[in-house]
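Colleague: Let me begin by handing over the structure; questions about it come next.
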Amino acid sequence: MVGIDEHIRMVLARHAVDTGLYSPVRGVQAMIDPVLRRWGSQYIVDIRPSGSFAKGTAVHGGTDIDIFISLTSTLSDTLQSIYDTLFNALSQAGYVARRQNVSIGIAVGGWKVDVTPGRRQDQYGNYHSLWSNKTSSWLQTNINEHIRVVSGSGRINEIRLIKIWRNRFGLDWPSFYLELFVINALKGARVGAVQDNVVTAFRAIDQSIATRRLIDPSNTNNAVSATLTADAKAALSVAARSALSSSWENVFQ
């Protein structure tokens with residue numbers, strides 16, 4: 001019988017996403033680049049991978065790559081108009097576009113892609129303003145800061161395992177919220193003790209998902225933990241309690 005250590009290692013390897021320089025999924029950006037450039041023209045500062053792909057926490061079964069479009073602060077269009085016109089541009093190019101909170105979901109060559117437009121708050125910094133469909137308002141973000149906090153946390157394997165569990169059981173938990181929760185729950189825990197740390201994370205989900213308040217490290221006014229309803233948090237608590245009483249072979253596949 002495969003040991004627990006070996007099973008976890010195999011699961012992580014099975015769900016690994018190639019994020020290297022020559023990863024096939026990186027070709028997605030080149031495929032949609034002409035559409036994005038026509039839409040944003042001279043207002044585009046940069047187009048780059050972001051999200052789980054850039055942080056090293058991506059797993060199969062989720063979004064394959066996130067693309068962030070940085071727009072100049074001199075663009076005077078409203079944030080809602082920026083979002084809506086990008087949605088229309090992708091739709092008119094033949095992609096089946098889905099409105100999400102701050103991103104637009106499309107499929108490109110079999111890959112799941114989330115595209116997010118943001119306008120710089122000034123001409124030189126990394127802080128951007130995004131349109132939020134959920135709140136019908138704007139929010140501040142700093143993609144570079146998100147990548148720094150998560151990729152440097154020392155908790156990449158634990159985050160990836162919790163994502164694998166989330167996907168396996170169809171749980172509603174936005175990735176950035178999940179990442180911050182795991183990092184917070186494992187404060188002081190030994191780096192590299194993956195099995196023990198995953199148990200600690202599950203216990204924290206069970207006992208404190210409903211009350212643990214987590215703030216966006218790039219925006220103190222954005223409570224990331226508020227992105228889920230009480231019912232969704234309750235479902236996570238129940239699922240985590242079940243995981244704690246189940247075998248790794250059932251929890252992670």
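Residue numbering restarts at 1 for every chain of the structure tokens, chains are lettered A, B, ... in their displayed order, and ligands are numbered from 1 as they appear.
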Write down as a PyMOL selection string the residues of segment 7-250 of chain A whose backbone DSSP state falls under strand (DSSP E).

Modeller: chain A and resi 44-50+65-71+98-99+104-108+111-120+128-132+137-141+215-216+219-223

Colleague: Using only C-alpha atoms, which residues sit within 6 Å of segment 38-50 of chain A once same-chain residues fewer than 4 positions away are excluded, as a PyMOL selection string?

Modeller: chain A and resi 54+66-72

Colleague: Could you write out the selected residues, including C-alpha atoms, as a PDB file, in the first residue's frame?

Modeller:
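The resulting file, selection-v2.pdb, is reproduced below:
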```
ATOM      1  CA  ALA A  54       2.641  33.409 -11.343  1.00  0.00           C
ATOM      2  CA  ASP A  66      -4.373  34.306 -15.359  1.00  0.00           C
ATOM      3  CA  ILE A  67      -3.503  37.209 -17.634  1.00  0.00           C
ATOM      4  CA  PHE A  68      -3.320  40.711 -16.168  1.00  0.00           C
ATOM      5  CA  ILE A  69      -3.552  43.777 -18.415  1.00  0.00           C
ATOM      6  CA  SER A  70      -1.985  46.891 -16.928  1.00  0.00           C
ATOM      7  CA  LEU A  71      -3.423  50.078 -18.405  1.00  0.00           C
ATOM      8  CA  THR A  72      -1.950  53.555 -18.116  1.00  0.00           C
TER       9      THR A  72
END
```

Colleague: Which residues, written as a list in words, have at least one atom at most 12 Å from Ser225 of chain A, with only C-alpha atoms counted and residues fewer than 6 positions away on the same chain left out?

Modeller: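 The residues satisfying every condition are Trp173, Pro174, Ser175, Phe176, Tyr177, Leu178, Glu179, Leu180, Phe181, Asn184, Ser208, Ile209, Ala210, Thr211, Arg212, Arg213, Leu214, Ile215, Asp216, Ala232 and Lys233 of chain A.
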
Colleague: Can you pull out every residue within 9 Å of Glu249 of chain A, counting only C-alpha atoms, but drop anything in the same chain fewer than 3 positions away, and send it as a PDB file with C-alpha atoms, in the first residue's frame?

Modeller:
```
ATOM      1  CA  ILE A   4       0.871   8.741   3.199  1.00  0.00           C
ATOM      2  CA  HIS A   7       0.567   9.456  -1.744  1.00  0.00           C
ATOM      3  CA  ILE A   8       0.834  13.195  -1.104  1.00  0.00           C
ATOM      4  CA  SER A 246     -10.966  10.527   6.238  1.00  0.00           C
ATOM      5  CA  PHE A 252      -6.567  13.899  -2.168  1.00  0.00           C
ATOM      6  CA  GLN A 253      -6.789  12.183  -5.527  1.00  0.00           C
TER       7      GLN A 253
END
```

Colleague: Measuring atom to atom with only C-alpha atoms, identify which of A:Asp206, A:Glu158, A:Asp84, A:Asp64 is nearest to Ala243 of chain A.

Modeller: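 Comparing A:Asp206, A:Glu158, A:Asp84, A:Asp64 against Ala243 of chain A, the winner is A:Asp206.
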
Colleague: Can you build me a table of segment 51-107 of chain A residues sitting at most 9 Å from segment 163-168 of chain A, with the closest atom pair per residue and its distance in Å to one decimal, using only C-alpha atoms, sorted by chain and residue number, as a tab-separated table?

Modeller:
```
residue	atom	partner	partner_atom	distance
A:Thr57	CA	A:Lys163	CA	8.5
A:Ala58	CA	A:Lys163	CA	8.4
A:Val59	CA	A:Ile164	CA	6.8
A:His60	CA	A:Ile164	CA	8.0
A:Gly61	CA	A:Asn167	CA	6.5
A:Gly62	CA	A:Asn167	CA	7.2
```

Colleague: Neighbours of Thr135 of chain A within 12 Å (only C-alpha atoms; same-chain residues fewer than 6 positions away dropped), as a VMD selection string?

Modeller: chain A and resid 80 100 to 102 222 226 to 227

Colleague: Just list as an MDAnalysis selection string whatever in segment 9-249 of chain A DSSP marks as alpha helix (DSSP H).

Modeller: chainID A and resid 9:14 27:40 51:55 79:92 143:151 156:168 175:185 194:208 230:244 248:249

Colleague: When distances are computed from only C-alpha atoms, which of A:Val182, A:Val11, A:Leu79, A:Ile147 shows the smallest separation from Val251 of chain A?

Modeller: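 For Val251 of chain A, the nearest of the given residues is A:Val11.
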
Colleague: Restricting the calculation to only C-alpha atoms: of A:Gly56, A:Gly152, A:Gly125, A:Gly51, which residue gets closest to Val113 of chain A?

Modeller: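 The closest residue to Val113 of chain A is A:Gly51.
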
Colleague: Quick one: residues within 8 Å of segment 30-37 of chain A, only C-alpha atoms, excluding same-chain residues fewer than 4 positions away - as a VMD selection string?

Modeller: chain A and resid 26 41 44 86 89 to 90 93 108

Colleague: Those selected residues, please, written with N, CA and C atoms and delivered as a compact mmCIF listing (two decimals), in the first residue's frame.

Modeller:
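And here's part-v3.txt as it stands now:
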```
# COMPACT_ATOMS: atom_id res chain seq x y z
N ARG A 26 1.84 29.04 -21.64
CA ARG A 26 2.28 30.42 -21.87
C ARG A 26 1.94 30.89 -23.28
N SER A 41 -4.86 49.21 -27.30
CA SER A 41 -3.94 50.02 -28.11
C SER A 41 -2.88 50.71 -27.26
N ILE A 44 -2.11 50.34 -23.20
CA ILE A 44 -1.57 49.16 -22.53
C ILE A 44 -0.13 49.41 -22.10
N LEU A 86 -13.65 45.27 -22.79
CA LEU A 86 -12.79 44.10 -22.95
C LEU A 86 -13.64 42.85 -23.12
N ALA A 89 -14.85 42.83 -26.61
CA ALA A 89 -13.77 42.56 -27.56
C ALA A 89 -13.45 41.06 -27.62
N LEU A 90 -13.42 40.42 -26.46
CA LEU A 90 -13.15 38.98 -26.42
C LEU A 90 -14.31 38.20 -27.03
N ALA A 93 -14.32 38.45 -30.74
CA ALA A 93 -13.21 37.69 -31.34
C ALA A 93 -13.53 36.20 -31.40
N VAL A 108 -9.08 29.05 -24.27
CA VAL A 108 -8.18 29.29 -25.41
C VAL A 108 -7.43 28.00 -25.70
```

Colleague: Give me, please, the distance in Å between atom CA of Leu244 of chain A and atom CA of Arg203 of chain A, quoted to one decimal.

Modeller: 7.6 Å

Colleague: Return the single residue from A:Gly154, A:Tyr83, A:Arg241, A:Arg120 that is closest to Asn142 of chain A, with distances computed using only C-alpha atoms.

Modeller: A:Arg120

Colleague: Rounded to one decimal in Å, what is the spacing between atom CA of Ile156 of chain A and atom CA of Ile183 of chain A?

Modeller: 9.1 Å

Colleague: Which residue is closest to Ala13 of chain A? Choose from A:Asn157, A:Ser218, A:Asn88, A:Gln121 and count only C-alpha atoms.

Modeller: A:Asn157

Colleague: Measuring atom to atom with only C-alpha atoms, identify which of A:Phe169, A:Trp138, A:Trp248, A:Tyr127 is nearest to Gln195 of chain A.

Modeller: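 Between A:Phe169, A:Trp138, A:Trp248, A:Tyr127, the residue approaching Gln195 of chain A most closely is A:Trp248.
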
Colleague: Give me, please, the distance in Å between atom CA of Val149 of chain A and atom CA of Trp111 of chain A, quoted to one decimal.

Modeller: 26.2 Å

Colleague: Excluding segment 186-193 of chain A and residues on its chain fewer than 5 positions from it, collect all residues at most 8 Å away from it, counting only C-alpha atoms, and give them as number ranges by chain.

Modeller: A: 154-155, 200-201
